[in-house]
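Enquirer: protein_26.csv is the file, holding CSV, C-alpha atoms:
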```
chain,number,residue,atom,x,y,z
M,349,MET,CA,-14.0,26.4,-5.6
M,350,ARG,CA,-14.0,23.4,-7.9
M,351,ASP,CA,-12.5,23.7,-11.4
M,352,SER,CA,-14.6,22.5,-14.3
M,353,ASP,CA,-11.9,19.9,-15.2
M,354,ALA,CA,-11.1,18.9,-11.6
M,355,LEU,CA,-10.5,15.2,-11.1
M,356,ASP,CA,-13.4,13.3,-9.5
M,357,ASN,CA,-11.3,11.7,-6.7
M,358,ASN,CA,-9.0,14.7,-6.3
M,359,PRO,CA,-11.1,17.9,-6.4
M,360,HIS,CA,-8.1,20.2,-5.8
M,361,ILE,CA,-6.3,19.0,-8.9
M,362,SER,CA,-7.4,20.1,-12.4
M,363,ARG,CA,-6.4,18.4,-15.6
M,364,SER,CA,-5.2,21.7,-17.0
M,365,ALA,CA,-3.0,22.3,-14.0
M,366,LEU,CA,-1.4,18.9,-14.5
M,367,GLU,CA,-0.9,19.6,-18.2
M,368,ALA,CA,0.9,22.8,-17.3
M,369,ILE,CA,3.5,21.0,-15.2
M,370,HIS,CA,3.7,17.8,-17.2
M,371,SER,CA,7.1,18.4,-18.9
M,372,GLN,CA,8.7,19.3,-15.5
M,373,VAL,CA,7.3,16.2,-13.9
M,374,TYR,CA,8.4,14.1,-16.8
M,375,GLY,CA,11.9,15.5,-16.4
M,376,TRP,CA,11.8,14.6,-12.7
M,377,ALA,CA,10.5,11.1,-13.5
M,378,LEU,CA,13.3,10.7,-16.0
M,379,SER,CA,16.0,11.5,-13.6
M,380,ARG,CA,14.4,9.1,-11.0
M,381,CYS,CA,14.9,6.2,-13.4
M,382,ASP,CA,18.4,6.8,-14.7
M,383,PHE,CA,17.1,8.6,-17.8
M,384,ASP,CA,15.3,5.6,-19.2
M,385,HIS,CA,12.4,7.1,-21.2
M,386,ALA,CA,10.2,3.9,-21.2
M,387,THR,CA,10.4,3.6,-17.4
M,388,ALA,CA,9.9,7.4,-17.0
M,389,GLU,CA,6.7,7.2,-19.1
M,390,ASP,CA,5.5,4.2,-17.1
M,391,LEU,CA,6.2,6.1,-13.9
M,392,MET,CA,4.3,9.1,-15.2
M,393,GLN,CA,1.2,7.0,-16.1
M,394,GLN,CA,1.4,5.4,-12.7
M,395,ALA,CA,1.5,8.8,-11.0
M,396,TYR,CA,-1.5,10.0,-12.9
M,397,VAL,CA,-3.4,6.8,-12.0
M,398,GLU,CA,-2.6,7.5,-8.3
M,399,LEU,CA,-4.1,11.0,-8.8
M,400,LEU,CA,-7.1,9.8,-10.8
M,401,SER,CA,-8.0,7.1,-8.2
M,402,GLY,CA,-7.5,9.5,-5.3
M,403,ASN,CA,-4.9,7.2,-3.7
M,404,ALA,CA,-2.6,10.2,-3.7
M,405,ARG,CA,-4.8,13.0,-2.5
M,406,PHE,CA,-3.8,16.6,-2.9
M,407,ASP,CA,-5.1,18.9,-0.1
M,408,ASN,CA,-3.5,22.2,-1.0
M,409,LYS,CA,-1.0,22.0,1.8
M,410,SER,CA,1.9,22.5,-0.8
M,411,THR,CA,2.1,23.5,-4.4
M,412,LEU,CA,0.7,21.1,-6.9
M,413,ARG,CA,4.2,20.7,-8.5
M,414,THR,CA,5.8,19.8,-5.1
M,415,PHE,CA,3.0,17.3,-4.5
M,416,VAL,CA,3.2,15.6,-7.9
M,417,PHE,CA,7.0,15.5,-7.6
M,418,SER,CA,6.6,13.7,-4.3
M,419,VAL,CA,4.2,11.2,-5.8
M,420,VAL,CA,6.7,10.4,-8.6
M,421,GLN,CA,9.5,10.2,-6.0
M,422,ASN,CA,7.6,7.7,-3.9
M,423,LEU,CA,6.6,5.6,-6.8
M,424,ALA,CA,10.1,5.6,-8.1
M,425,ARG,CA,11.4,4.5,-4.6
M,426,SER,CA,8.9,1.7,-4.3
M,427,ARG,CA,9.7,0.6,-7.9
M,428,PHE,CA,13.4,0.7,-7.0
M,429,ARG,CA,12.8,-1.5,-4.0
M,430,ARG,CA,10.9,-4.0,-6.0
M,431,VAL,CA,13.6,-4.1,-8.7
M,432,SER,CA,16.3,-4.4,-6.0
M,433,SER,CA,14.7,-7.3,-4.3
M,434,ARG,CA,14.2,-9.1,-7.7
M,435,LEU,CA,17.8,-8.4,-8.6
M,436,ARG,CA,19.0,-9.8,-5.2
M,437,LEU,CA,17.0,-13.0,-6.0
M,438,VAL,CA,18.5,-13.2,-9.5
M,439,LYS,CA,21.9,-12.6,-8.2
M,440,LYS,CA,21.5,-15.3,-5.7
M,441,TYR,CA,20.4,-17.9,-8.2
M,442,HIS,CA,21.7,-16.8,-11.6
M,443,ARG,CA,24.7,-14.5,-11.6
M,444,GLU,CA,25.0,-14.1,-15.4
M,445,ALA,CA,21.6,-12.4,-15.7
M,446,ILE,CA,22.8,-9.5,-13.5
M,447,VAL,CA,25.7,-8.8,-15.8
M,448,GLN,CA,23.4,-8.8,-18.8
M,449,SER,CA,20.9,-6.4,-17.2
M,450,VAL,CA,23.6,-4.0,-16.3
M,451,GLU,CA,25.0,-4.0,-19.8
M,452,THR,CA,21.7,-3.2,-21.4
M,453,ALA,CA,21.3,0.1,-19.5
M,454,GLU,CA,21.1,3.2,-21.8
M,455,PRO,CA,24.3,5.3,-21.9
M,456,LEU,CA,23.8,8.6,-20.1
M,457,ALA,CA,24.5,12.1,-21.0
M,458,ASP,CA,28.0,12.8,-19.8
M,459,ASP,CA,28.4,16.5,-20.0
M,460,GLY,CA,31.0,18.3,-17.8
M,461,VAL,CA,29.2,19.9,-14.8
M,462,TRP,CA,26.4,17.5,-14.9
M,463,ARG,CA,28.9,14.6,-14.7
M,464,ALA,CA,30.0,16.1,-11.4
M,465,VAL,CA,26.4,16.4,-10.3
M,466,ARG,CA,25.8,12.7,-11.1
M,467,ALA,CA,28.9,11.7,-9.1
M,468,LEU,CA,27.3,13.2,-5.9
M,469,PRO,CA,25.6,11.0,-3.4
M,470,ALA,CA,21.9,10.5,-4.3
M,471,ARG,CA,20.3,12.9,-1.8
M,472,GLN,CA,22.8,15.7,-2.7
M,473,ARG,CA,22.2,15.1,-6.4
M,474,ASP,CA,18.4,15.2,-5.9
M,475,ILE,CA,18.4,18.5,-4.0
M,476,ILE,CA,20.8,20.1,-6.5
M,477,GLU,CA,18.5,19.0,-9.3
M,478,LEU,CA,15.3,20.2,-7.6
M,479,VAL,CA,16.7,23.6,-6.5
M,480,PHE,CA,19.0,24.4,-9.4
M,481,CYS,CA,17.1,22.9,-12.3
M,482,ARG,CA,13.5,22.6,-11.2
M,483,GLU,CA,13.6,25.9,-9.3
M,484,LEU,CA,12.1,24.6,-6.1
M,485,THR,CA,12.9,26.2,-2.8
M,486,ILE,CA,14.9,24.1,-0.3
M,487,GLU,CA,11.8,23.7,1.8
M,488,GLN,CA,9.8,22.3,-1.2
M,489,ALA,CA,12.7,20.2,-2.4
M,490,SER,CA,13.0,18.7,1.1
M,491,ALA,CA,9.3,17.9,1.1
M,492,VAL,CA,9.6,16.1,-2.2
M,493,MET,CA,12.6,14.1,-0.9
M,494,GLY,CA,10.7,13.3,2.3
M,495,VAL,CA,13.3,14.9,4.6
M,496,THR,CA,13.0,17.8,7.0
M,497,THR,CA,14.0,21.2,5.8
M,498,GLY,CA,17.1,21.1,8.1
M,499,THR,CA,18.3,17.9,6.6
M,500,GLY,CA,17.6,19.3,3.2
M,501,ARG,CA,19.7,22.3,3.9
M,502,VAL,CA,22.6,20.1,5.1
M,503,HIS,CA,22.4,18.1,1.8
M,504,TYR,CA,22.2,21.3,-0.2
M,505,ASP,CA,25.3,22.8,1.5
M,506,ARG,CA,27.3,19.6,1.2
M,507,ALA,CA,26.4,19.2,-2.4
M,508,LYS,CA,27.4,22.7,-3.3
M,509,LYS,CA,30.7,22.3,-1.5
M,510,ALA,CA,31.4,18.9,-3.2
M,511,LEU,CA,30.5,20.3,-6.6
M,512,ARG,CA,32.8,23.3,-6.2
M,513,GLU,CA,35.7,21.1,-5.1
M,514,ARG,CA,35.2,18.7,-8.0
M,515,LEU,CA,34.9,21.5,-10.6
M,516,GLN,CA,38.0,23.1,-9.1
M,517,GLU,CA,39.9,19.8,-9.5
M,518,TRP,CA,38.8,19.4,-13.1
M,519,ALA,CA,39.7,23.0,-13.9
M,520,GLU,CA,43.2,22.5,-12.4
M,521,GLU,CA,43.6,19.2,-14.4
M,522,GLU,CA,42.8,20.9,-17.6
N,1389,MET,CA,21.6,33.7,-3.3
N,1390,GLN,CA,25.3,34.5,-3.3
N,1391,ASP,CA,27.2,35.2,-6.6
N,1392,SER,CA,29.2,32.0,-6.2
N,1393,ASP,CA,25.9,30.1,-5.8
N,1394,LYS,CA,24.4,31.7,-8.9
N,1395,ARG,CA,27.5,30.8,-10.9
N,1396,LEU,CA,27.3,27.2,-9.8
N,1397,ARG,CA,23.6,27.1,-10.5
N,1398,ASP,CA,24.1,28.5,-14.0
N,1399,GLN,CA,26.8,26.0,-14.7
N,1400,VAL,CA,24.6,23.1,-13.5
N,1401,ARG,CA,21.6,24.3,-15.5
N,1402,GLN,CA,23.7,24.6,-18.7
N,1403,GLY,CA,24.6,20.9,-18.3
N,1404,TRP,CA,21.0,20.1,-17.6
N,1405,VAL,CA,19.7,21.7,-20.8
N,1406,GLY,CA,21.6,19.0,-22.7
N,1407,ILE,CA,19.7,16.3,-21.0
N,1408,GLY,CA,16.3,17.9,-21.5
N,1409,ASP,CA,12.8,16.8,-20.5
N,1410,ALA,CA,11.3,16.0,-23.9
N,1411,GLY,CA,8.9,13.1,-23.6
N,1412,PRO,CA,5.5,12.0,-24.6
N,1413,SER,CA,2.8,14.6,-24.7
N,1414,PHE,CA,0.5,15.1,-21.7
N,1415,GLU,CA,-2.5,13.9,-23.8
N,1416,THR,CA,-0.8,10.6,-24.6
N,1417,THR,CA,0.3,10.0,-21.0
N,1418,TRP,CA,-3.1,11.1,-19.6
N,1419,GLN,CA,-5.1,8.8,-21.9
N,1420,ALA,CA,-2.9,5.8,-21.1
N,1421,ALA,CA,-3.3,6.6,-17.4
N,1422,GLN,CA,-7.1,6.8,-17.7
N,1423,GLN,CA,-7.1,3.4,-19.4
N,1424,ARG,CA,-5.0,1.9,-16.7
N,1425,HIS,CA,-7.2,3.5,-14.1
N,1426,ALA,CA,-10.3,2.0,-15.8
N,1427,ALA,CA,-8.7,-1.4,-16.1
N,1428,GLY,CA,-7.8,-1.3,-12.4
N,1429,ARG,CA,-11.3,-0.5,-11.4
N,1430,ARG,CA,-12.7,-3.3,-13.6
N,1431,LEU,CA,-10.3,-5.7,-12.0
N,1432,TYR,CA,-11.2,-4.5,-8.6
N,1433,ARG,CA,-14.9,-4.9,-9.3
N,1434,ARG,CA,-14.3,-8.5,-10.6
N,1435,VAL,CA,-12.3,-9.4,-7.5
N,1436,ALA,CA,-14.9,-7.8,-5.2
N,1437,GLY,CA,-17.7,-9.7,-7.1
N,1438,ALA,CA,-15.9,-13.0,-6.8
N,1439,ALA,CA,-15.2,-12.4,-3.1
N,1440,ALA,CA,-18.9,-11.6,-2.6
N,1441,VAL,CA,-19.9,-14.8,-4.4
N,1442,VAL,CA,-17.5,-16.9,-2.3
N,1443,ALA,CA,-18.7,-15.3,0.9
N,1444,ALA,CA,-22.3,-16.0,0.0
N,1445,VAL,CA,-21.6,-19.6,-0.8
N,1446,VAL,CA,-19.7,-20.0,2.5
N,1447,ILE,CA,-22.5,-18.5,4.4
N,1448,ALA,CA,-25.1,-20.6,2.6
N,1449,VAL,CA,-23.2,-23.8,3.3
N,1450,TYR,CA,-21.7,-23.3,6.8
N,1451,GLY,CA,-23.8,-20.4,8.1
N,1452,GLN,CA,-27.2,-22.1,8.5
N,1453,PRO,CA,-29.0,-20.8,11.7
N,1454,PRO,CA,-29.4,-23.5,14.4
N,1455,ALA,CA,-32.7,-25.3,14.4
N,1456,ALA,CA,-35.2,-23.8,16.8
N,1457,GLU,CA,-35.5,-25.8,20.1
N,1458,SER,CA,-38.7,-27.7,20.5
N,1459,TYR,CA,-40.4,-28.2,23.9
N,1460,ILE,CA,-42.5,-31.2,24.9
N,1461,GLU,CA,-45.4,-30.7,27.2
N,1462,VAL,CA,-45.2,-32.8,30.4
N,1463,ALA,CA,-48.9,-33.9,30.0
N,1464,ASP,CA,-48.3,-35.1,26.5
N,1465,LEU,CA,-45.2,-37.0,27.6
N,1466,LEU,CA,-47.1,-38.7,30.5
N,1467,GLU,CA,-49.9,-39.7,28.1
N,1468,SER,CA,-47.6,-41.1,25.6
N,1469,THR,CA,-45.6,-43.2,28.0
N,1470,TYR,CA,-46.4,-46.1,30.4
N,1471,TRP,CA,-44.0,-47.3,32.9
N,1472,THR,CA,-44.1,-50.6,34.9
N,1473,ALA,CA,-41.6,-51.8,37.4
N,1474,PRO,CA,-39.7,-54.9,36.3
N,1475,SER,CA,-40.8,-56.6,39.5
N,1476,ASP,CA,-44.5,-56.3,38.6
N,1477,ALA,CA,-44.1,-59.5,36.6
N,1478,LEU,CA,-43.4,-61.4,39.9
N,1479,LEU,CA,-46.8,-60.4,41.4
N,1480,PRO,CA,-49.5,-63.0,41.2
N,1481,ASP,CA,-52.2,-62.5,38.6
N,1482,ARG,CA,-54.7,-61.1,41.1
N,1483,GLN,CA,-52.4,-58.4,42.0
N,1484,PHE,CA,-52.4,-59.2,45.7
N,1485,ASP,CA,-51.0,-56.4,47.7
N,1486,ILE,CA,-49.3,-57.7,50.7
N,1487,TYR,CA,-49.2,-54.2,52.3
N,1488,GLN,CA,-52.9,-53.5,51.8
N,1489,ASP,CA,-54.0,-56.9,53.1
N,1490,MET,CA,-51.8,-57.0,56.2
N,1491,PRO,CA,-52.8,-60.0,58.3
N,1492,VAL,CA,-54.4,-59.3,61.7
N,1493,ILE,CA,-52.5,-60.6,64.6
N,1494,PHE,CA,-54.9,-61.9,67.3
N,1495,GLU,CA,-52.5,-62.3,70.1
N,1496,SER,CA,-51.9,-59.4,72.5
N,1497,THR,CA,-48.7,-57.7,72.4
N,1498,GLU,CA,-48.9,-56.6,76.0
N,1499,PRO,CA,-46.2,-58.2,78.1
N,1500,ALA,CA,-47.2,-59.9,81.3
N,1501,GLY,CA,-44.6,-61.5,83.5
N,1502,GLY,CA,-42.1,-61.9,80.8
N,1503,ALA,CA,-44.4,-63.4,78.3
N,1504,LEU,CA,-47.1,-62.2,75.9
N,1505,LEU,CA,-50.7,-62.6,77.0
```
Show me the file's structure as structure tokens.
Expert:
Amino acid sequence: MRDSDALDNNPHISRSALEAIHSQVYGWALSRCDFDHATAEDLMQQAYVELLSGNARFDNKSTLRTFVFSVVQNLARSRFRRVSSRLRLVKKYHREAIVQSVETAEPLADDGVWRAVRALPARQRDIIELVFCRELTIEQASAVMGVTTGTGRVHYDRAKKALRERLQEWAEEE
Amino acid sequence: MQDSDKRLRDQVRQGWVGIGDAGPSFETTWQAAQQRHAAGRRLYRRVAGAAAVVAAVVIAVYGQPPAAESYIEVADLLESTYWTAPSDALLPDRQFDIYQDMPVIFESTEPAGGALL
């Protein structure tokens, strides 16, 4: 059945359903771009454009939240690749520009446990964020990350182990 | 989920709350996305229109169908042409035909004792 506010090119997505998960998706976009609000907003707009145009088509195979998280993840990845290739070019021809761009990055929240999470390898950090903070199951989180459930479980277990060890070390230091 | 997992999860979530998800409202983001979508479609239409015009020009210039082949009737051709051998100019004016007017040989060609009769 089609909702009254369903998108033209994405009949299984309604505007109200997107509105309901907007803040969660924004949080995910924010963590995808190192907590830079301007980039996260741009990423969100880009994700909505993909849904409006039907380029990213939802077919009810997963939850809407998992799907939109995946769209944001893929967009962030392709953006990161573009930025990386540009940075490589700049690095090749103008070394000083790199130093400047790194220095202008916004300082990040640096709170205890979260600092430990941020120190984890990217995949482990992602799955911890998705499962612990976004309340996704490991299966859903793996789908968002584009890995198999088995791989997701491995990342999850390793992340928990590394986090415990790090928190233990800090507790002993204090 | 085990107790130790729950403790870890609670610790991480406490840290996460500090970071927060506060951002622009859905309405703001949605309207901006719709504008971008509309702008993208306009651009697509313009590019498609320009491509169509270019294709039409290319076809008009280079894509003319080959001219239909024309056939000449053999009878018309024969009537319209006249051929004379270059050696005709050597013939006398009265058009004497040496083959038609073969001279008659009066002598017999029958041999008789080693000589013609």
Enquirer: Tell me the residues of chain M close to chain N, meaning within 9 Å using only C-alpha atoms, as a ChimeraX atom specification.
Expert: /M:363,366-368,370-376,378,383,385,388-390,392-398,400-401,456-463,465,476-477,479-481,508,511-512
Enquirer: Have a look at CA of Thr414 in chain M and CA of Leu478 in chain M and let me know their distance in Å, one decimal.
Expert: 9.8 Å
Enquirer: Choose the residue, out of M:Leu515, M:Gln472, M:Glu483, M:Phe406, that has the smallest atom-to-atom separation from Gly500 in chain M; count only C-alpha atoms.
Expert: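 When distances to Gly500 in chain M are compared using only C-alpha atoms, the smallest one comes from M:Gln472.
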Enquirer: If you measure from CA of Trp1471 in chain N to CA of Ser1458 in chain N, what distance in Å do you get, rounded to one decimal?
Expert: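 The value is 23.8 Å.
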Enquirer: Skip Ala491 in chain M itself and residues of its chain fewer than 6 positions away, then list as a VMD selection string all residues within 10 Å of it, counting only C-alpha atoms.
Expert: chain M and resid 410 414 to 415 417 to 418 485 497 500
Enquirer: What is the distance, in Å and to one decimal place, between CA of Ile369 in chain M and CA of Arg413 in chain M?
Expert: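 Taking CA of Ile369 in chain M and CA of Arg413 in chain M, their separation equals 6.7 Å.
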Enquirer: Within 9 Å of Ala354 in chain M, counting all atoms listed in the file, which residues qualify if same-chain residues fewer than 5 places away don't, as a list of chain:residue names?
Expert: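 Within the cut-off, the hits are M:Pro359, M:His360, M:Ile361, M:Ser362, M:Arg363, M:Ser364.
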Enquirer: Taking into account all atoms listed in the file, which residue in the set M:Lys439, M:Glu517, M:Ile486, M:Arg430 is nearest to Gly498 in chain M?
Expert: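 Smallest distance to Gly498 in chain M is found for M:Ile486.
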Enquirer: Which of these residues is nearest to Asp382 in chain M, using all atoms listed in the file: M:Leu437, M:Ala424, M:Ala404, M:Met493?
Expert: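 Closest to Asp382 in chain M of all the choices is M:Ala424.
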